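Chemist: My structure is stored as structure_2.cif, with mmCIF, C-alpha atoms.
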```cif
data_run
loop_
_atom_site.label_atom_id
_atom_site.label_comp_id
_atom_site.auth_asym_id
_atom_site.auth_seq_id
_atom_site.Cartn_x
_atom_site.Cartn_y
_atom_site.Cartn_z
CA MET T 171 -4.09 -21.49 -3.89
CA SER T 172 -0.65 -23.09 -3.99
CA PRO T 173 2.38 -20.84 -4.43
CA ASN T 174 3.19 -22.47 -7.76
CA SER T 175 -0.24 -21.61 -9.19
CA LYS T 176 -0.10 -17.94 -8.23
CA LYS T 177 0.67 -15.33 -10.88
CA LEU T 178 4.07 -13.74 -10.41
CA ILE T 179 4.34 -9.95 -10.12
CA ALA T 180 7.74 -8.27 -10.43
CA VAL T 181 8.01 -5.02 -8.46
CA ILE T 182 10.64 -2.45 -9.38
CA GLY T 183 11.71 -0.15 -6.56
CA ALA T 184 10.62 -2.72 -4.00
CA THR T 185 12.63 -1.08 -1.21
CA GLY T 186 11.16 2.40 -1.81
CA GLN T 187 7.94 3.93 -0.53
CA GLN T 188 5.81 3.11 -3.57
CA GLY T 189 7.35 -0.24 -4.47
CA GLY T 190 7.40 -1.31 -0.84
CA ALA T 191 3.70 -0.50 -0.53
CA VAL T 192 3.02 -2.61 -3.62
CA VAL T 193 5.00 -5.57 -2.28
CA ARG T 194 3.10 -5.50 1.02
CA ALA T 195 -0.32 -5.18 -0.63
CA LEU T 196 0.34 -7.99 -3.11
CA GLN T 197 1.47 -10.26 -0.29
CA ALA T 198 -1.61 -9.39 1.76
CA ASN T 199 -3.89 -9.99 -1.23
CA GLY T 200 -2.83 -13.63 -1.38
CA GLN T 201 -3.47 -14.11 -5.10
CA PHE T 202 0.06 -13.38 -6.25
CA LYS T 203 3.64 -14.42 -5.82
CA VAL T 204 5.94 -11.40 -5.49
CA ARG T 205 9.37 -10.90 -7.00
CA ALA T 206 11.02 -7.88 -5.40
CA LEU T 207 13.55 -6.21 -7.69
CA THR T 208 16.38 -4.26 -6.09
CA ARG T 209 19.95 -3.27 -6.84
CA ASN T 210 21.05 -4.87 -3.55
CA PRO T 211 19.22 -8.20 -3.11
CA GLY T 212 21.64 -9.36 -0.45
CA LYS T 213 20.37 -6.67 1.91
CA HIS T 214 16.70 -7.53 1.44
CA ARG T 215 16.44 -11.30 1.33
CA GLY T 216 13.24 -11.50 3.35
CA LEU T 217 11.38 -8.83 1.42
CA ALA T 218 9.35 -11.17 -0.80
CA ALA T 219 9.10 -14.76 -2.03
CA GLU T 220 11.77 -13.89 -4.59
CA VAL T 221 14.34 -11.10 -4.33
CA VAL T 222 16.19 -10.52 -7.58
CA GLU T 223 18.85 -8.05 -8.65
CA ALA T 224 17.71 -5.44 -11.17
CA ASP T 225 18.93 -1.99 -12.10
CA LEU T 226 17.02 0.31 -14.45
CA ASP T 227 20.37 1.67 -15.63
CA ARG T 228 21.45 -1.82 -16.72
CA PRO T 229 18.73 -2.70 -19.24
CA GLU T 230 20.57 -5.81 -20.46
CA ALA T 231 19.64 -7.56 -17.19
CA LEU T 232 16.00 -6.49 -16.98
CA GLU T 233 14.58 -9.13 -19.29
CA ALA T 234 15.96 -11.91 -17.08
CA ALA T 235 14.53 -10.13 -14.01
CA PHE T 236 11.07 -10.15 -15.64
CA GLU T 237 11.26 -13.76 -16.87
CA GLY T 238 8.11 -15.68 -15.98
CA ALA T 239 6.31 -12.63 -14.57
CA HIS T 240 2.65 -12.10 -15.33
CA GLY T 241 2.80 -8.46 -14.23
CA VAL T 242 5.27 -5.66 -13.60
CA PHE T 243 4.96 -2.56 -11.43
CA LEU T 244 7.30 0.26 -12.44
CA VAL T 245 8.20 3.46 -10.62
CA THR T 246 11.19 5.67 -11.38
CA ASN T 247 12.89 8.16 -9.08
CA PHE T 248 13.26 11.62 -10.62
CA TRP T 249 15.13 12.93 -7.58
CA GLU T 250 17.92 10.35 -7.67
CA GLN T 251 21.13 11.91 -8.98
CA GLY T 252 21.67 11.21 -12.68
CA THR T 253 18.30 9.59 -13.32
CA ASP T 254 16.97 9.60 -16.90
CA GLU T 255 13.37 8.51 -16.35
CA LEU T 256 12.52 8.29 -20.05
CA LYS T 257 15.50 6.06 -20.76
CA GLN T 258 14.85 3.87 -17.71
CA ALA T 259 11.13 3.43 -18.38
CA THR T 260 11.65 2.74 -22.08
CA ALA T 261 14.14 0.00 -21.22
CA ALA T 262 11.78 -1.50 -18.63
CA VAL T 263 8.81 -1.50 -21.02
CA ARG T 264 10.86 -3.11 -23.79
CA ALA T 265 12.25 -5.78 -21.46
CA ALA T 266 8.80 -6.56 -20.08
CA ARG T 267 7.37 -6.99 -23.58
CA ASN T 268 10.25 -9.26 -24.59
CA ALA T 269 9.75 -11.32 -21.42
CA GLY T 270 6.08 -11.88 -22.21
CA VAL T 271 4.63 -9.79 -19.38
CA LYS T 272 0.84 -9.52 -19.66
CA HIS T 273 -0.02 -6.64 -17.30
CA PHE T 274 2.15 -3.54 -16.88
CA VAL T 275 1.38 -0.97 -14.16
CA TRP T 276 3.17 2.38 -14.41
CA SER T 277 3.26 4.98 -11.62
CA THR T 278 2.75 8.26 -13.45
CA LEU T 279 1.86 11.90 -12.72
CA PRO T 280 -0.19 14.58 -14.50
CA ASP T 281 1.20 16.36 -17.56
CA VAL T 282 1.64 19.83 -16.07
CA GLU T 283 2.79 21.46 -19.31
CA ALA T 284 -0.25 20.18 -21.23
CA ILE T 285 -2.71 20.98 -18.44
CA SER T 286 -1.36 24.50 -17.96
CA GLY T 287 -0.75 25.24 -21.62
CA GLY T 288 2.95 25.63 -20.92
CA ARG T 289 2.47 28.17 -18.13
CA PHE T 290 4.07 25.91 -15.51
CA HIS T 291 7.22 23.84 -15.92
CA VAL T 292 7.33 20.91 -13.48
CA PRO T 293 9.66 18.25 -14.92
CA HIS T 294 9.13 15.73 -12.13
CA PHE T 295 5.44 15.57 -13.12
CA THR T 296 5.55 16.05 -16.88
CA GLY T 297 8.53 13.74 -17.38
CA LYS T 298 6.52 10.84 -15.99
CA ALA T 299 3.40 11.76 -17.98
CA ARG T 300 5.36 11.57 -21.24
CA ILE T 301 6.11 7.92 -20.56
CA ASP T 302 2.39 7.05 -20.58
CA ARG T 303 2.32 6.80 -24.37
CA ILE T 304 5.27 4.40 -24.39
CA VAL T 305 3.39 2.08 -22.03
CA GLU T 306 0.16 2.47 -23.99
CA GLU T 307 1.76 1.70 -27.34
CA ALA T 308 3.78 -1.29 -26.13
CA GLY T 309 0.91 -3.67 -26.74
CA PHE T 310 0.57 -5.32 -23.35
CA ALA T 311 -2.59 -7.38 -22.90
CA ASN T 312 -3.34 -5.08 -19.96
CA HIS T 313 -1.84 -1.84 -18.73
CA THR T 314 -2.78 0.49 -15.88
CA PHE T 315 -1.69 3.95 -14.78
CA VAL T 316 -1.61 4.72 -11.07
CA ILE T 317 -1.09 8.29 -9.85
CA ALA T 318 0.73 8.88 -6.59
CA PRO T 319 -0.51 11.87 -4.55
CA PHE T 320 1.15 14.57 -2.50
CA PHE T 321 2.36 12.29 0.31
CA TYR T 322 1.04 13.03 3.80
CA GLN T 323 4.57 11.92 4.76
CA ASN T 324 6.00 15.06 3.09
CA LEU T 325 4.69 17.07 6.05
CA VAL T 326 7.00 15.23 8.44
CA GLY T 327 9.78 14.90 5.88
CA VAL T 328 10.95 17.27 3.14
CA LEU T 329 8.19 19.77 3.97
CA ALA T 330 8.20 19.46 7.75
CA PRO T 331 7.31 22.70 9.58
CA GLN T 332 10.23 24.95 10.41
CA LYS T 333 10.82 27.63 13.02
CA GLN T 334 9.80 30.98 11.50
CA ALA T 335 11.19 34.48 12.01
CA ASP T 336 8.39 35.33 14.45
CA GLY T 337 9.26 32.30 16.58
CA SER T 338 6.30 30.21 15.48
CA LEU T 339 6.54 26.74 13.98
CA GLY T 340 5.06 26.43 10.52
CA TRP T 341 5.45 26.93 6.80
CA ALA T 342 6.48 29.80 4.52
CA LEU T 343 5.49 28.79 0.98
CA PRO T 344 4.60 30.44 -2.36
CA LEU T 345 0.98 29.35 -2.19
CA ASN T 346 -2.37 30.92 -1.38
CA PRO T 347 -3.28 28.89 1.74
CA SER T 348 -7.01 29.19 1.10
CA VAL T 349 -6.96 27.44 -2.31
CA ARG T 350 -8.00 23.80 -2.06
CA GLY T 351 -5.73 22.22 -4.65
CA ILE T 352 -3.60 19.52 -3.01
CA HIS T 353 -4.71 15.93 -3.61
CA MET T 354 -3.09 14.08 -0.70
CA ALA T 355 -2.82 10.59 0.75
CA ASP T 356 -0.75 8.13 2.73
CA ILE T 357 1.64 6.72 0.11
CA ARG T 358 1.69 3.40 1.96
CA GLU T 359 -1.84 2.83 0.63
CA LEU T 360 -0.90 3.01 -3.05
CA GLY T 361 -0.25 -0.71 -2.96
CA ASP T 362 -3.95 -1.45 -2.44
CA ILE T 363 -4.76 0.17 -5.79
CA VAL T 364 -1.95 -1.64 -7.61
CA ALA T 365 -2.86 -5.03 -6.15
CA GLY T 366 -6.49 -4.38 -7.04
CA ALA T 367 -5.57 -3.52 -10.61
CA PHE T 368 -3.62 -6.77 -11.02
CA ALA T 369 -6.54 -8.69 -9.49
CA HIS T 370 -9.20 -7.00 -11.67
CA PRO T 371 -7.70 -6.35 -15.12
CA ASP T 372 -11.18 -6.38 -16.63
CA GLN T 373 -12.02 -3.24 -14.62
CA ALA T 374 -8.62 -1.56 -14.38
CA GLY T 375 -6.34 -3.04 -17.03
CA ASN T 376 -7.38 -1.12 -20.10
CA GLY T 377 -5.41 2.08 -19.66
CA GLU T 378 -7.38 3.39 -16.69
CA TYR T 379 -5.88 6.14 -14.53
CA LEU T 380 -6.20 5.37 -10.83
CA PRO T 381 -5.20 8.20 -8.46
CA LEU T 382 -4.66 7.64 -4.75
CA VAL T 383 -6.50 10.46 -2.95
CA GLY T 384 -7.37 10.52 0.73
CA ASP T 385 -8.15 14.25 0.86
CA LEU T 386 -8.24 17.37 -1.32
CA MET T 387 -6.98 20.16 0.92
CA SER T 388 -5.75 23.71 1.12
CA PHE T 389 -2.83 24.57 3.39
CA ASN T 390 -5.34 26.27 5.70
CA ASP T 391 -7.19 22.94 5.87
CA ILE T 392 -3.94 21.16 6.74
CA ILE T 393 -3.06 23.62 9.48
CA ASP T 394 -6.59 23.74 10.89
CA THR T 395 -6.65 19.94 11.08
CA LEU T 396 -3.31 19.81 12.87
CA ASN T 397 -4.08 22.69 15.22
CA ARG T 398 -7.35 21.04 16.26
CA GLN T 399 -5.19 18.08 17.28
CA GLY T 400 -3.11 20.25 19.62
CA HIS T 401 -0.49 21.88 17.41
CA LYS T 402 0.17 25.61 17.14
CA LEU T 403 1.29 25.87 13.53
CA SER T 404 1.46 28.96 11.32
CA PHE T 405 1.53 29.74 7.59
CA LYS T 406 3.02 32.64 5.69
CA GLN T 407 2.61 33.12 1.95
CA VAL T 408 5.89 34.26 0.39
CA PRO T 409 6.60 35.54 -3.14
CA LYS T 410 7.45 32.83 -5.65
CA ASP T 411 10.69 34.52 -6.76
CA VAL T 412 11.91 34.82 -3.17
CA PHE T 413 11.17 31.17 -2.37
CA ALA T 414 12.69 29.95 -5.65
CA THR T 415 16.20 31.04 -4.60
CA SER T 416 16.05 29.83 -1.00
CA PHE T 417 17.64 26.39 -1.51
CA PRO T 418 18.65 24.01 -4.35
CA GLY T 419 15.52 22.67 -6.06
CA ALA T 420 13.29 25.39 -4.63
CA ALA T 421 12.47 26.81 -8.07
CA GLU T 422 10.75 23.61 -9.16
CA ILE T 423 8.88 23.34 -5.87
CA ALA T 424 7.67 26.93 -6.36
CA GLU T 425 6.45 26.00 -9.84
CA THR T 426 4.72 22.94 -8.42
CA PHE T 427 2.81 24.96 -5.84
CA GLY T 428 1.86 27.49 -8.52
CA TYR T 429 0.44 24.64 -10.58
CA PHE T 430 -1.48 23.25 -7.59
CA GLN T 431 -3.00 26.66 -6.98
CA ALA T 432 -4.04 27.18 -10.60
CA HIS T 433 -5.13 23.67 -11.60
CA THR T 434 -5.04 21.35 -8.49
CA TYR T 435 -2.61 18.46 -8.13
CA LEU T 436 -4.51 16.20 -10.53
CA GLY T 437 -5.21 19.06 -12.89
CA SER T 438 -8.85 18.30 -13.61
CA ASP T 439 -12.11 17.01 -12.21
CA SER T 440 -11.00 13.51 -11.28
CA TYR T 441 -14.04 12.40 -9.31
CA HIS T 442 -14.71 9.32 -11.46
CA ARG T 443 -11.06 8.27 -11.53
CA ILE T 444 -10.79 8.57 -7.76
CA ALA T 445 -14.00 6.60 -7.28
CA LEU T 446 -12.75 3.80 -9.53
CA ALA T 447 -9.39 3.73 -7.73
CA ASN T 448 -11.15 3.38 -4.37
CA LYS T 449 -13.36 0.61 -5.75
CA ILE T 450 -10.36 -1.25 -7.15
CA ALA T 451 -8.48 -0.85 -3.86
CA GLY T 452 -11.40 -2.33 -1.98
CA ARG T 453 -11.53 0.47 0.58
CA PRO T 454 -11.27 4.26 0.75
CA PRO T 455 -7.86 5.71 1.65
CA SER T 456 -7.18 7.22 5.07
CA ARG T 457 -8.20 10.82 5.63
CA PHE T 458 -5.49 13.28 6.61
CA SER T 459 -6.89 13.81 10.10
CA THR T 460 -6.78 10.06 10.79
CA TRP T 461 -3.21 9.77 9.52
CA ALA T 462 -2.02 12.85 11.43
CA ARG T 463 -3.25 11.64 14.83
CA VAL T 464 -0.81 8.73 14.61
CA ASN T 465 1.97 10.10 12.43
CA PHE T 466 2.13 13.81 13.33
CA PRO T 467 2.08 13.79 17.14
CA VAL T 468 2.39 17.06 19.01
CA LYS T 469 5.50 15.98 20.90
CA ALA T 470 7.31 15.24 17.61
CA ALA T 471 6.46 18.64 16.17
CA LEU T 472 7.84 20.37 19.25
CA LYS T 473 11.30 18.95 18.50
CA ASN T 474 11.56 21.43 15.65
CA TYR T 475 11.86 24.23 18.21
CA VAL T 476 15.12 22.82 19.56
#
```
Let me see the file written as structure tokens.
Modeler:
Amino acid sequence: MSPNSKKLIAVIGATGQQGGAVVRALQANGQFKVRALTRNPGKHRGLAAEVVEADLDRPEALEAAFEGAHGVFLVTNFWEQGTDELKQATAAVRAARNAGVKHFVWSTLPDVEAISGGRFHVPHFTGKARIDRIVEEAGFANHTFVIAPFFYQNLVGVLAPQKQADGSLGWALPLNPSVRGIHMADIRELGDIVAGAFAHPDQAGNGEYLPLVGDLMSFNDIIDTLNRQGHKLSFKQVPKDVFATSFPGAAEIAETFGYFQAHTYLGSDSYHRIALANKIAGRPPSRFSTWARVNFPVKAALKNYV
């Protein structure tokens, strides 16, 4: 297939974890030409066949960034200072429709407030879920929802084990460690699902929800897996109200863990959605144990003692 005959996919957030995974998977697939959208194209010239400037906070430029694209992948970043996800996504959807985009893929999350009947308030989940209707009602020929998991990478990043009061290395979290409620995966594999959705719109372009899930685990499962690989990690369950005041943003993380414990990450029996996502991706995602052997080595964990 010549480059000129390939359908063009525009990827927002191409330098981030999700967008970067999508760029790599689309390039590996071979069926598509990729336009990487970034606020700083000069820094990322080799990222894709086309690297174009785009900023979700400058909607007047988005339509030009989507010009000629068959598909668009959109992810927004709740944690970036000053982000208004609803405003950004609405602008992106409108620009994509005006540009004639046929297939729109939105990276969403479960609606925690609806699932829990208002018991849990997790804006970084529910805010994304409320954008689903905007995508659905836009009238694209095809649209797909992908659901990012709890990243395995969190366990060596924002939730890396810390030295505890008893001298052990581990976690102190407001979560019953025996409850199996965390749908997890290697975020680098989300791209396989997105590329598969663009390649098979007949199977995954009619509003399907495609979650990336490598494992459904409890924190005991996580620790047992790591300790079998040579770690000596601990876990202590702490009261939610104590954890919620321990650092900026801790209150929402406490709510998130409470939701996981009560309803699981995905919030429902998602067996069929997970199975379809794996089929569309063309392969099952990596299990946590496989990922950890390479990405959570014992010698790296020991650095936390220093």
Chemist: Which polymer residues have any atom within 12 Å of an atom of Leu436 (chain T), counting all atoms listed in the file, with same-chain residues fewer than 3 positions away left out, as a PyMOL selection string?
Modeler: chain T and resi 278-282+285-286+295-296+299+316-320+350-354+379-383+386+426+429-433+439-441+443-444
Chemist: Which residues fall under the PyMOL selection byres ((chain T and resi 248-264) around 9) in this file, as a ChimeraX atom specification?
Modeler: /T:226-230,232-233,244-247,265-269,274,276,293-294,297-298,300-301,304-305,308
Chemist: To test your reading of the syntax: which residues would the PyMOL selection byres ((chain T and resi 189) around 12) return for the file shown? Reply as a VMD selection string.
Modeler: chain T and resid 179 to 188 190 to 196 204 to 208 217 to 218 242 to 247 275 to 277 318 357 to 362 364 to 365
Chemist: Name the closest residue to Asn312 (chain T) among the candidates T:Asn324, T:Ser338, T:Gln373, T:Thr434; distances are taken between atoms, counting all atoms listed in the file.
Modeler: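 Of the candidates, the smallest distance to Asn312 (chain T) is held by T:Gln373.
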Chemist: Just give me the gap between CA of Arg215 (chain T) and CA of His370 (chain T) in Å, one decimal is fine.
Modeler: 29.1 Å
